[in-house]
$ cat model.pdb   # PDB, C-alpha atoms
MODEL        1
ATOM      1  CA  MET A   1       2.654  41.136  20.666
ATOM      2  CA  ASN A   2       0.106  39.338  18.534
ATOM      3  CA  TRP A   3       2.594  38.802  15.737
ATOM      4  CA  LEU A   4       4.962  37.131  18.179
ATOM      5  CA  LYS A   5       2.267  34.811  19.429
ATOM      6  CA  ASN A   6       1.296  33.933  15.829
ATOM      7  CA  LEU A   7       4.906  33.262  14.936
ATOM      8  CA  TYR A   8       5.311  31.041  18.005
ATOM      9  CA  ASN A   9       2.144  29.083  17.139
ATOM     10  CA  ARG A  10       3.314  28.630  13.545
ATOM     11  CA  ILE A  11       6.663  27.280  14.687
ATOM     12  CA  VAL A  12       4.979  24.874  17.117
ATOM     13  CA  LEU A  13       2.654  23.621  14.359
ATOM     14  CA  GLU A  14       5.572  23.189  11.939
ATOM     15  CA  ILE A  15       7.572  21.164  14.469
ATOM     16  CA  ARG A  16       4.515  19.023  15.239
ATOM     17  CA  TYR A  17       3.916  18.405  11.517
ATOM     18  CA  ARG A  18       7.525  17.441  10.806
ATOM     19  CA  LYS A  19       7.443  14.978  13.706
ATOM     20  CA  LYS A  20       4.207  13.450  12.366
ATOM     21  CA  LEU A  21       5.692  13.191   8.880
ATOM     22  CA  ARG A  22       8.782  11.424  10.256
ATOM     23  CA  GLU A  23       6.567   8.953  12.092
ATOM     24  CA  LEU A  24       4.422   8.409   8.995
ATOM     25  CA  ARG A  25       7.488   7.690   6.875
ATOM     26  CA  LYS A  26       8.584   5.059   9.358
ATOM     27  CA  ARG A  27       5.201   3.370   8.885
ATOM     28  CA  ASP A  28       5.213   3.968   5.112
ATOM     29  CA  PRO A  29       8.800   3.414   3.909
ATOM     30  CA  PHE A  30       9.837   4.732   0.525
ATOM     31  CA  ILE A  31       9.153   1.991  -2.003
ATOM     32  CA  TYR A  32      10.094   3.033  -5.481
ATOM     33  CA  LYS A  33       7.093   2.815  -7.797
TER      34      LYS A  33
ATOM     35  CA  MET B   1     -10.868 -15.963 -13.998
ATOM     36  CA  ILE B   2      -8.912 -14.813 -10.945
ATOM     37  CA  LEU B   3      -8.246 -11.129 -10.435
ATOM     38  CA  VAL B   4      -5.081  -9.920  -8.685
ATOM     39  CA  ALA B   5      -4.964  -6.428  -7.197
ATOM     40  CA  GLY B   6      -2.508  -4.380  -5.189
ATOM     41  CA  ASP B   7       0.585  -2.203  -5.380
ATOM     42  CA  SER B   8       4.060  -2.668  -6.869
ATOM     43  CA  PHE B   9       4.603  -5.924  -4.955
ATOM     44  CA  VAL B  10       1.717  -7.431  -6.924
ATOM     45  CA  TYR B  11       2.585  -5.630 -10.165
ATOM     46  CA  GLY B  12       6.140  -6.981 -10.129
ATOM     47  CA  SER B  13       8.282  -3.832 -10.000
ATOM     48  CA  GLU B  14      11.999  -4.610 -10.254
ATOM     49  CA  LEU B  15      11.451  -8.286 -11.108
ATOM     50  CA  ALA B  16      13.064  -9.581 -14.297
ATOM     51  CA  ASP B  17       9.682 -11.136 -15.089
ATOM     52  CA  ALA B  18       6.702  -9.236 -13.678
ATOM     53  CA  THR B  19       4.518 -12.350 -13.891
ATOM     54  CA  GLN B  20       6.475 -13.914 -11.012
ATOM     55  CA  THR B  21       4.790 -12.118  -8.085
ATOM     56  CA  PHE B  22       3.132 -14.232  -5.382
ATOM     57  CA  PRO B  23      -0.528 -13.408  -6.294
ATOM     58  CA  LYS B  24       0.141 -14.183  -9.969
ATOM     59  CA  LEU B  25       2.000 -17.404  -9.175
ATOM     60  CA  LEU B  26      -0.885 -18.506  -6.959
ATOM     61  CA  ALA B  27      -3.530 -17.666  -9.548
ATOM     62  CA  GLY B  28      -1.796 -19.193 -12.581
ATOM     63  CA  ALA B  29      -4.211 -17.658 -15.084
ATOM     64  CA  TYR B  30      -5.199 -14.172 -13.960
ATOM     65  CA  GLU B  31      -6.201 -10.635 -14.775
ATOM     66  CA  ASP B  32      -4.154  -7.906 -13.162
ATOM     67  CA  VAL B  33      -5.341  -4.490 -11.948
ATOM     68  CA  SER B  34      -2.353  -3.815  -9.701
ATOM     69  CA  TRP B  35      -0.209  -0.736 -10.229
ATOM     70  CA  PRO B  36       3.005   0.564  -8.618
ATOM     71  CA  GLY B  37       2.355   3.189  -5.954
ATOM     72  CA  TYR B  38      -1.345   2.375  -5.576
ATOM     73  CA  SER B  39      -3.018   3.315  -2.314
ATOM     74  CA  ASN B  40      -5.664   1.212  -0.583
ATOM     75  CA  ASP B  41      -8.447   3.409  -2.016
ATOM     76  CA  ALA B  42      -7.088   2.712  -5.503
ATOM     77  CA  ILE B  43      -6.831  -1.021  -4.828
ATOM     78  CA  ALA B  44     -10.483  -1.270  -3.713
ATOM     79  CA  ARG B  45     -11.702   0.959  -6.553
ATOM     80  CA  THR B  46      -9.891  -0.890  -9.339
ATOM     81  CA  THR B  47     -10.913  -4.313  -7.999
ATOM     82  CA  ILE B  48     -14.590  -3.361  -7.916
ATOM     83  CA  GLU B  49     -14.351  -1.645 -11.297
ATOM     84  CA  ARG B  50     -13.072  -4.862 -12.888
ATOM     85  CA  CYS B  51     -15.497  -7.138 -11.009
ATOM     86  CA  GLU B  52     -18.424  -5.023 -12.255
ATOM     87  CA  GLN B  53     -17.501  -6.017 -15.812
ATOM     88  CA  GLY B  54     -18.160  -9.694 -14.930
ATOM     89  CA  GLY B  55     -16.294 -12.976 -15.376
ATOM     90  CA  ILE B  56     -14.318 -12.808 -12.115
ATOM     91  CA  GLN B  57     -14.736 -15.847  -9.859
ATOM     92  CA  GLY B  58     -11.888 -15.227  -7.432
ATOM     93  CA  VAL B  59      -9.856 -12.287  -6.172
ATOM     94  CA  VAL B  60      -6.440 -12.015  -4.487
ATOM     95  CA  VAL B  61      -5.751  -8.619  -2.947
ATOM     96  CA  SER B  62      -2.578  -7.445  -1.258
ATOM     97  CA  TRP B  63      -3.300  -4.240   0.686
ATOM     98  CA  THR B  64      -0.595  -1.637   0.846
ATOM     99  CA  PHE B  65       0.728   0.872   3.410
ATOM    100  CA  PRO B  66      -2.120   3.031   4.733
ATOM    101  CA  GLY B  67      -0.253   6.357   4.390
ATOM    102  CA  ARG B  68      -0.990   6.581   0.654
ATOM    103  CA  TYR B  69      -4.197   8.209  -0.574
ATOM    104  CA  GLU B  70      -5.869   8.257  -3.984
ATOM    105  CA  PHE B  71      -7.646  11.296  -5.442
ATOM    106  CA  ARG B  72      -9.336  12.024  -8.729
ATOM    107  CA  PHE B  73      -7.821  15.297  -9.858
ATOM    108  CA  ASN B  74      -9.563  17.979 -11.924
ATOM    109  CA  TYR B  75      -6.783  17.922 -14.484
ATOM    110  CA  ASN B  76      -4.415  15.631 -16.339
ATOM    111  CA  THR B  77      -1.848  14.445 -13.788
ATOM    112  CA  GLY B  78       0.548  13.430 -16.552
ATOM    113  CA  GLN B  79       0.559   9.855 -15.233
ATOM    114  CA  ARG B  80      -0.778   6.787 -16.995
ATOM    115  CA  LYS B  81      -3.734   6.408 -14.640
ATOM    116  CA  SER B  82      -4.717  10.087 -14.907
ATOM    117  CA  PRO B  83      -6.867  11.717 -13.573
ATOM    118  CA  TRP B  84      -6.560   9.235 -10.662
ATOM    119  CA  TYR B  85      -3.384   9.569  -8.648
ATOM    120  CA  SER B  86      -2.207   7.977  -5.396
ATOM    121  CA  ILE B  87      -0.096  10.410  -3.392
ATOM    122  CA  ASN B  88       2.400   9.398  -0.715
ATOM    123  CA  SER B  89       4.338  11.157   2.028
ATOM    124  CA  TRP B  90       7.582  11.105   0.008
ATOM    125  CA  ILE B  91       6.277  13.174  -2.888
ATOM    126  CA  ASN B  92       7.916  16.399  -1.655
ATOM    127  CA  GLU B  93      11.136  14.838  -0.401
ATOM    128  CA  SER B  94      14.471  15.687  -2.011
ATOM    129  CA  VAL B  95      15.970  13.157  -4.400
ATOM    130  CA  ASP B  96      19.083  12.865  -2.196
ATOM    131  CA  ASN B  97      17.038  11.890   0.831
ATOM    132  CA  ILE B  98      14.988   9.404  -1.158
ATOM    133  CA  GLN B  99      18.109   7.892  -2.664
ATOM    134  CA  SER B 100      19.411   7.198   0.827
ATOM    135  CA  GLU B 101      16.407   4.832   1.274
ATOM    136  CA  PHE B 102      17.574   2.615  -1.625
ATOM    137  CA  VAL B 103      18.897  -0.767  -0.541
ATOM    138  CA  THR B 104      20.767  -1.057  -3.848
ATOM    139  CA  GLU B 105      21.671   1.887  -6.091
ATOM    140  CA  ASN B 106      20.148   2.134  -9.553
ATOM    141  CA  LYS B 107      20.756   5.183 -11.767
ATOM    142  CA  ASP B 108      17.852   4.444 -14.161
ATOM    143  CA  ILE B 109      15.392   4.306 -11.303
ATOM    144  CA  LEU B 110      16.818   7.523  -9.900
ATOM    145  CA  LYS B 111      16.293   9.249 -13.276
ATOM    146  CA  GLN B 112      12.676   8.076 -13.410
ATOM    147  CA  LEU B 113      12.179   9.280  -9.865
ATOM    148  CA  ILE B 114      13.463  12.772 -10.683
ATOM    149  CA  ALA B 115      11.148  12.918 -13.726
ATOM    150  CA  SER B 116       8.168  11.806 -11.652
ATOM    151  CA  ASN B 117       8.866  14.348  -8.869
ATOM    152  CA  THR B 118       9.277  17.126 -11.435
ATOM    153  CA  LYS B 119       5.952  16.217 -13.023
ATOM    154  CA  ALA B 120       4.238  16.310  -9.612
ATOM    155  CA  LYS B 121       5.651  19.798  -9.011
ATOM    156  CA  VAL B 122       4.626  21.102 -12.443
ATOM    157  CA  THR B 123       1.030  19.822 -12.210
ATOM    158  CA  GLY B 124       0.523  21.078  -8.645
ATOM    159  CA  ILE B 125       0.092  17.601  -7.130
ATOM    160  CA  ALA B 126       3.163  18.123  -4.961
ATOM    161  CA  ASP B 127       1.639  21.321  -3.517
ATOM    162  CA  PHE B 128      -1.667  19.559  -2.943
ATOM    163  CA  ALA B 129       0.082  16.648  -1.193
ATOM    164  CA  ASN B 130       1.964  19.076   1.037
ATOM    165  CA  VAL B 131      -1.275  20.725   2.194
ATOM    166  CA  PHE B 132      -3.116  17.418   2.546
ATOM    167  CA  TYR B 133      -0.441  15.723   4.656
ATOM    168  CA  ARG B 134       0.035  18.879   6.727
ATOM    169  CA  HIS B 135      -3.640  19.158   7.640
ATOM    170  CA  VAL B 136      -5.015  15.598   7.457
ATOM    171  CA  GLY B 137      -2.977  12.766   5.969
ATOM    172  CA  SER B 138      -0.077  12.586   8.395
ATOM    173  CA  SER B 139      -2.270  11.455  11.285
ATOM    174  CA  GLU B 140      -2.240   7.746  12.015
ATOM    175  CA  TYR B 141      -5.934   7.993  12.837
ATOM    176  CA  TRP B 142      -6.744   9.102   9.281
ATOM    177  CA  GLU B 143      -4.558   6.346   7.826
ATOM    178  CA  LEU B 144      -6.397   3.680   9.819
ATOM    179  CA  TYR B 145      -9.854   5.167   9.303
ATOM    180  CA  THR B 146      -9.529   5.362   5.519
ATOM    181  CA  THR B 147      -7.778   2.010   5.098
ATOM    182  CA  PHE B 148     -10.186   0.074   7.347
ATOM    183  CA  LYS B 149     -13.081   1.608   5.428
ATOM    184  CA  GLU B 150     -11.588   0.490   2.104
ATOM    185  CA  ILE B 151     -10.990  -3.043   3.404
ATOM    186  CA  VAL B 152     -14.552  -3.357   4.768
ATOM    187  CA  TYR B 153     -15.959  -1.771   1.586
ATOM    188  CA  LEU B 154     -14.253  -4.279  -0.711
ATOM    189  CA  GLN B 155     -14.847  -7.251   1.611
ATOM    190  CA  ASN B 156     -18.598  -6.487   1.775
ATOM    191  CA  TYR B 157     -18.755  -5.976  -1.989
ATOM    192  CA  LEU B 158     -17.099  -9.335  -2.691
ATOM    193  CA  GLN B 159     -19.341 -11.120  -0.190
ATOM    194  CA  LEU B 160     -22.444  -9.475  -1.670
ATOM    195  CA  LYS B 161     -21.424 -10.540  -5.172
ATOM    196  CA  LYS B 162     -20.436 -14.036  -3.915
ATOM    197  CA  ILE B 163     -16.919 -13.685  -5.305
ATOM    198  CA  ASN B 164     -14.358 -15.744  -3.406
ATOM    199  CA  TYR B 165     -11.335 -13.865  -2.193
ATOM    200  CA  MET B 166      -8.161 -13.887  -0.170
ATOM    201  CA  PHE B 167      -6.636 -10.770   1.382
ATOM    202  CA  THR B 168      -3.082 -10.202   2.522
ATOM    203  CA  CYS B 169      -0.996  -7.053   2.975
ATOM    204  CA  ALA B 170       2.477  -5.568   2.675
ATOM    205  CA  ASP B 171       2.659  -4.566   6.327
ATOM    206  CA  THR B 172       0.541  -5.434   9.374
ATOM    207  CA  ASP B 173       1.424  -2.398  11.506
ATOM    208  CA  MET B 174      -2.013  -0.939  10.759
ATOM    209  CA  PHE B 175      -3.509  -3.680  12.942
ATOM    210  CA  TYR B 176      -1.246  -2.792  15.895
ATOM    211  CA  PRO B 177      -1.521   1.016  15.959
ATOM    212  CA  GLY B 178      -0.013   3.491  18.403
ATOM    213  CA  THR B 179      -3.148   5.634  18.102
ATOM    214  CA  ALA B 180      -5.963   4.943  20.572
ATOM    215  CA  MET B 181      -8.759   2.989  18.904
ATOM    216  CA  ASP B 182     -12.044   4.857  19.461
ATOM    217  CA  THR B 183     -15.563   3.561  18.787
ATOM    218  CA  THR B 184     -15.352   4.348  15.067
ATOM    219  CA  LEU B 185     -12.039   2.573  14.505
ATOM    220  CA  ASN B 186     -13.003  -0.361  16.713
ATOM    221  CA  SER B 187     -16.258  -0.808  14.828
ATOM    222  CA  LEU B 188     -14.464  -0.847  11.471
ATOM    223  CA  PHE B 189     -11.732  -3.172  12.750
ATOM    224  CA  ARG B 190     -14.271  -5.660  14.116
ATOM    225  CA  GLN B 191     -16.023  -5.747  10.735
ATOM    226  CA  ILE B 192     -12.894  -7.123   9.037
ATOM    227  CA  ASP B 193     -13.264 -10.861   8.464
ATOM    228  CA  PHE B 194      -9.785 -12.207   9.192
ATOM    229  CA  GLN B 195     -10.839 -15.728   8.169
ATOM    230  CA  HIS B 196     -10.216 -14.525   4.616
ATOM    231  CA  TRP B 197      -6.686 -13.267   5.256
ATOM    232  CA  TYR B 198      -3.293 -14.824   4.900
ATOM    233  CA  LEU B 199      -0.700 -13.228   7.162
ATOM    234  CA  PHE B 200       2.941 -14.248   7.147
ATOM    235  CA  PRO B 201       4.577 -15.996  10.103
ATOM    236  CA  ALA B 202       6.023 -13.908  12.896
ATOM    237  CA  GLY B 203       9.785 -13.867  13.326
ATOM    238  CA  ALA B 204      11.764 -15.131  16.280
ATOM    239  CA  GLU B 205      10.216 -14.167  19.609
ATOM    240  CA  TRP B 206      12.790 -11.474  20.321
ATOM    241  CA  GLU B 207      12.034  -9.835  16.964
ATOM    242  CA  THR B 208       8.250  -9.892  16.830
ATOM    243  CA  THR B 209       5.340 -12.045  17.864
ATOM    244  CA  THR B 210       2.850 -10.395  15.530
ATOM    245  CA  PRO B 211       1.897 -11.780  12.109
ATOM    246  CA  ARG B 212       3.615 -10.008   9.250
ATOM    247  CA  GLY B 213       2.862  -8.617   5.812
ATOM    248  CA  PHE B 214       4.772  -9.678   2.685
ATOM    249  CA  TYR B 215       7.227  -6.768   2.777
ATOM    250  CA  GLN B 216       7.963  -7.117   6.506
ATOM    251  CA  TRP B 217       8.385 -10.871   6.224
ATOM    252  CA  ALA B 218      10.728 -10.579   3.223
ATOM    253  CA  MET B 219      12.856  -7.856   4.839
ATOM    254  CA  GLU B 220      13.078  -9.627   8.198
ATOM    255  CA  ASN B 221      14.051 -12.888   6.544
ATOM    256  CA  LYS B 222      16.728 -11.043   4.551
ATOM    257  CA  TYR B 223      15.554 -11.978   1.070
ATOM    258  CA  PRO B 224      17.433 -10.275  -1.802
ATOM    259  CA  ILE B 225      16.047  -6.769  -2.418
ATOM    260  CA  GLY B 226      16.272  -4.567  -5.536
ATOM    261  CA  THR B 227      16.355  -0.832  -4.868
ATOM    262  CA  THR B 228      13.358  -1.246  -2.571
ATOM    263  CA  HIS B 229      11.426  -4.386  -3.604
ATOM    264  CA  PRO B 230      11.920  -8.012  -2.545
ATOM    265  CA  LEU B 231      13.047 -10.002  -5.593
ATOM    266  CA  GLU B 232      11.992 -13.351  -7.092
ATOM    267  CA  GLN B 233      12.987 -15.700  -4.275
ATOM    268  CA  ALA B 234      10.736 -13.939  -1.745
ATOM    269  CA  HIS B 235       7.767 -14.262  -4.119
ATOM    270  CA  LEU B 236       8.464 -17.951  -4.729
ATOM    271  CA  ASP B 237       8.674 -18.765  -1.031
ATOM    272  CA  ALA B 238       5.640 -16.597  -0.229
ATOM    273  CA  THR B 239       3.633 -18.530  -2.822
ATOM    274  CA  LYS B 240       4.517 -21.826  -1.120
ATOM    275  CA  LEU B 241       3.454 -20.471   2.270
ATOM    276  CA  MET B 242       0.153 -19.104   0.952
ATOM    277  CA  GLN B 243      -0.814 -22.000  -1.311
ATOM    278  CA  GLU B 244      -2.973 -23.917   1.172
ATOM    279  CA  LYS B 245      -4.983 -20.868   2.229
ATOM    280  CA  PHE B 246      -5.386 -19.831  -1.409
ATOM    281  CA  ASN B 247      -6.658 -23.314  -2.318
ATOM    282  CA  GLU B 248      -9.142 -23.195   0.555
ATOM    283  CA  LEU B 249     -10.460 -19.685  -0.118
ATOM    284  CA  VAL B 250     -10.184 -19.150  -3.848
ATOM    285  CA  LYS B 251      -9.015 -22.049  -6.005
ATOM    286  CA  LYS B 252     -11.597 -24.698  -5.067
ATOM    287  CA  SER B 253     -14.461 -22.400  -5.948
ATOM    288  CA  VAL B 254     -12.987 -21.376  -9.292
ATOM    289  CA  GLN B 255     -12.596 -24.907 -10.656
TER     290      GLN B 255
ENDMDL
END
$ encode --input "model.pdb" --output "structure tokens"
Amino acid sequence: MNWLKNLYNRIVLEIRYRKKLRELRKRDPFIYK
Amino acid sequence: MILVAGDSFVYGSELADATQTFPKLLAGAYEDVSWPGYSNDAIARTTIERCEQGGIQGVVVSWTFPGRYEFRFNYNTGQRKSPWYSINSWINESVDNIQSEFVTENKDILKQLIASNTKAKVTGIADFANVFYRHVGSSEYWELYTTFKEIVYLQNYLQLKKINYMFTCADTDMFYPGTAMDTTLNSLFRQIDFQHWYLFPAGAEWETTTPRGFYQWAMENKYPIGTTHPLEQAHLDATKLMQEKFNELVKKSVQ
């Protein structure tokens, strides 16, 4: 069952990261260099 | 001599004449250490680096978005400022998604963007940025902590060296964060001397009541935009707005 728990935690972390990245990009819009 | 420092808004990206940005128009005669894509760490570092060489009596700095971070890599990054490189949260994004952020389409800029993204992948910078943002850089706390430190660092340096200066920024959201301000952030924030800042006027009350940065002000007032940068008219009008504060903080002391 450990593998399932690890997989679940990984998915949670990935979702959390993608949400943070979306929020960051709102604060830091793409400005072409 | 007056030194101007900042990101692409100071450098003059997408302007027909790159000397027509608001810090350069204010300064008249100037030296320029700005560079497109620079982070706040890079802006502080390059300003101090130039000031250390002497001959600078006044400085105009426009701080950028706090979600960019500069590192000194252990290898040639393939960029002109190598081994220094400012990463941003868009470095791993697909070209299609980035293109959808363009206000106006431009095929040449798109080509350069693809080349730059490819280079970041080949050198490993894109991988590094992915890990960094995943573990550290995507938190608003880290953005504020690092940017406030850079602002206080440069402010204290300029005061210590008795160099007159004026600060402004592209975006003021960093001063109105969603993240709770703890003792560390509050201490840094309170050390910022806002007497030396020019912030742009807030919009109509139903839009915002908070002072704005150059980019916010230009976008909200619907100035003409290139792919992503406000064009000449925004810089001209910004210069008029900032002139009095610039005269008070920088110009008088330089003459």
$ interface_residues --input "model.pdb" --of "chain B" --to "chain A" --cutoff "10 Å" --atoms "only C-alpha atoms" --output "ChimeraX atom specification"
/B:7-9,11,13-14,35-38,64-68,88-91,98-102,109-110,112-113,116,133-135,137-140,143,171-174,226-229
$ atom_distance --input "model.pdb" --atom1 "atom CA of Ala42 of chain B" --atom2 "atom CA of Glu70 of chain B"
5.9 Å
$ atom_distance --input "model.pdb" --atom1 "atom CA of Pro83 of chain B" --atom2 "atom CA of Tyr141 of chain B"
26.7 Å
$ residues_near_point --input "model.pdb" --point "(2.1, -15.2, -10.1)" --cutoff "10 Å" --atoms "only C-alpha atoms" --output "list of chain:residue names"
B:Val4, B:Val10, B:Tyr11, B:Gly12, B:Asp17, B:Ala18, B:Thr19, B:Gln20, B:Thr21, B:Phe22, B:Pro23, B:Lys24, B:Leu25, B:Leu26, B:Ala27, B:Gly28, B:Ala29, B:Tyr30, B:His235, B:Leu236, B:Thr239
$ atom_distance --input "model.pdb" --atom1 "atom CA of Gln216 of chain B" --atom2 "atom CA of Leu199 of chain B"
10.6 Å
$ residues_around --input "model.pdb" --residues "segment 240-251 of chain B" --least-positions-apart "5" --cutoff "6 Å" --atoms "all atoms listed in the file" --output "MDAnalysis selection string"
chainID B and resid 58 164:165
$ residues_around --input "model.pdb" --residues "Ile114 of chain B" --least-positions-apart "5" --cutoff "10 Å" --atoms "all atoms listed in the file" --output "ChimeraX atom specification"
/B:94-95,109,119-120
$ residues_around --input "model.pdb" --residues "Cys169 of chain B" --least-positions-apart "5" --cutoff "7 Å" --atoms "only C-alpha atoms" --output "ChimeraX atom specification"
/B:62-64,213-214
$ residues_around --input "model.pdb" --residues "Arg50 of chain B" --least-positions-apart "2" --cutoff "12 Å" --atoms "all atoms listed in the file" --output "count of residues only"
24
$ resolve_selection --input "model.pdb" --expression "the PyMOL selection byres ((chain B and resi 185) around 12)" --output "PyMOL selection string"
chain B and resi 140-149+152+174-175+177+179-184+186-192
$ residues_around --input "model.pdb" --residues "Ala202 of chain B" --least-positions-apart "5" --cutoff "6 Å" --atoms "only C-alpha atoms" --output "number ranges by chain"
B: 209-212
$ decode --input "model.pdb" --residues "segment 4-31 of chain B" --atoms "N, CA and C atoms" --output "compact mmCIF listing (two decimals), in the first residue's frame"
# COMPACT_ATOMS: atom_id res chain seq x y z
N VAL B 4 21.36 54.34 -15.36
CA VAL B 4 20.00 53.77 -15.39
C VAL B 4 20.11 52.25 -15.35
N ALA B 5 19.21 51.62 -14.58
CA ALA B 5 19.29 50.18 -14.38
C ALA B 5 17.88 49.60 -14.35
N GLY B 6 17.77 48.36 -14.82
CA GLY B 6 16.45 47.72 -14.80
C GLY B 6 16.35 46.61 -15.82
N ASP B 7 15.12 46.35 -16.23
CA ASP B 7 14.82 45.24 -17.15
C ASP B 7 14.56 45.77 -18.56
N SER B 8 13.77 45.06 -19.34
CA SER B 8 13.55 45.44 -20.74
C SER B 8 12.81 46.78 -20.89
N PHE B 9 12.04 47.17 -19.87
CA PHE B 9 11.35 48.46 -19.94
C PHE B 9 12.35 49.62 -19.91
N VAL B 10 13.46 49.41 -19.23
CA VAL B 10 14.52 50.42 -19.17
C VAL B 10 15.42 50.30 -20.40
N TYR B 11 15.68 49.07 -20.79
CA TYR B 11 16.57 48.80 -21.94
C TYR B 11 15.97 49.38 -23.24
N GLY B 12 14.65 49.23 -23.38
CA GLY B 12 14.00 49.75 -24.58
C GLY B 12 13.60 48.69 -25.58
N SER B 13 13.34 47.46 -25.10
CA SER B 13 12.90 46.39 -26.00
C SER B 13 11.65 46.81 -26.76
N GLU B 14 11.64 46.53 -28.04
CA GLU B 14 10.52 46.77 -28.94
C GLU B 14 10.30 48.24 -29.32
N LEU B 15 11.13 49.14 -28.79
CA LEU B 15 11.02 50.55 -29.21
C LEU B 15 11.84 50.74 -30.48
N ALA B 16 11.38 51.62 -31.35
CA ALA B 16 12.13 51.91 -32.58
C ALA B 16 13.48 52.50 -32.22
N ASP B 17 13.51 53.28 -31.14
CA ASP B 17 14.75 53.88 -30.65
C ASP B 17 14.87 53.56 -29.16
N ALA B 18 15.83 52.70 -28.83
CA ALA B 18 15.94 52.21 -27.45
C ALA B 18 16.40 53.27 -26.46
N THR B 19 16.74 54.47 -26.98
CA THR B 19 17.14 55.55 -26.06
C THR B 19 15.91 56.29 -25.52
N GLN B 20 14.73 55.90 -25.96
CA GLN B 20 13.51 56.66 -25.61
C GLN B 20 12.74 56.04 -24.44
N THR B 21 13.43 55.36 -23.53
CA THR B 21 12.71 54.83 -22.35
C THR B 21 12.67 55.90 -21.27
N PHE B 22 11.74 55.79 -20.33
CA PHE B 22 11.55 56.89 -19.37
C PHE B 22 12.79 57.19 -18.52
N PRO B 23 13.58 56.18 -18.05
CA PRO B 23 14.76 56.54 -17.25
C PRO B 23 15.80 57.28 -18.09
N LYS B 24 15.92 56.89 -19.36
CA LYS B 24 16.92 57.53 -20.23
C LYS B 24 16.48 58.94 -20.62
N LEU B 25 15.18 59.11 -20.83
CA LEU B 25 14.67 60.45 -21.16
C LEU B 25 14.84 61.38 -19.96
N LEU B 26 14.64 60.87 -18.78
CA LEU B 26 14.81 61.68 -17.57
C LEU B 26 16.27 62.08 -17.40
N ALA B 27 17.16 61.11 -17.59
CA ALA B 27 18.58 61.34 -17.33
C ALA B 27 19.24 62.24 -18.38
N GLY B 28 18.81 62.16 -19.60
CA GLY B 28 19.46 62.91 -20.69
C GLY B 28 20.75 62.22 -21.07
N ALA B 29 21.84 62.57 -20.35
CA ALA B 29 23.11 61.85 -20.55
C ALA B 29 23.17 60.75 -19.49
N TYR B 30 23.49 59.53 -19.91
CA TYR B 30 23.40 58.41 -18.97
C TYR B 30 24.34 57.29 -19.35
N GLU B 31 24.55 56.41 -18.39
CA GLU B 31 25.13 55.08 -18.68
C GLU B 31 24.05 54.07 -18.37
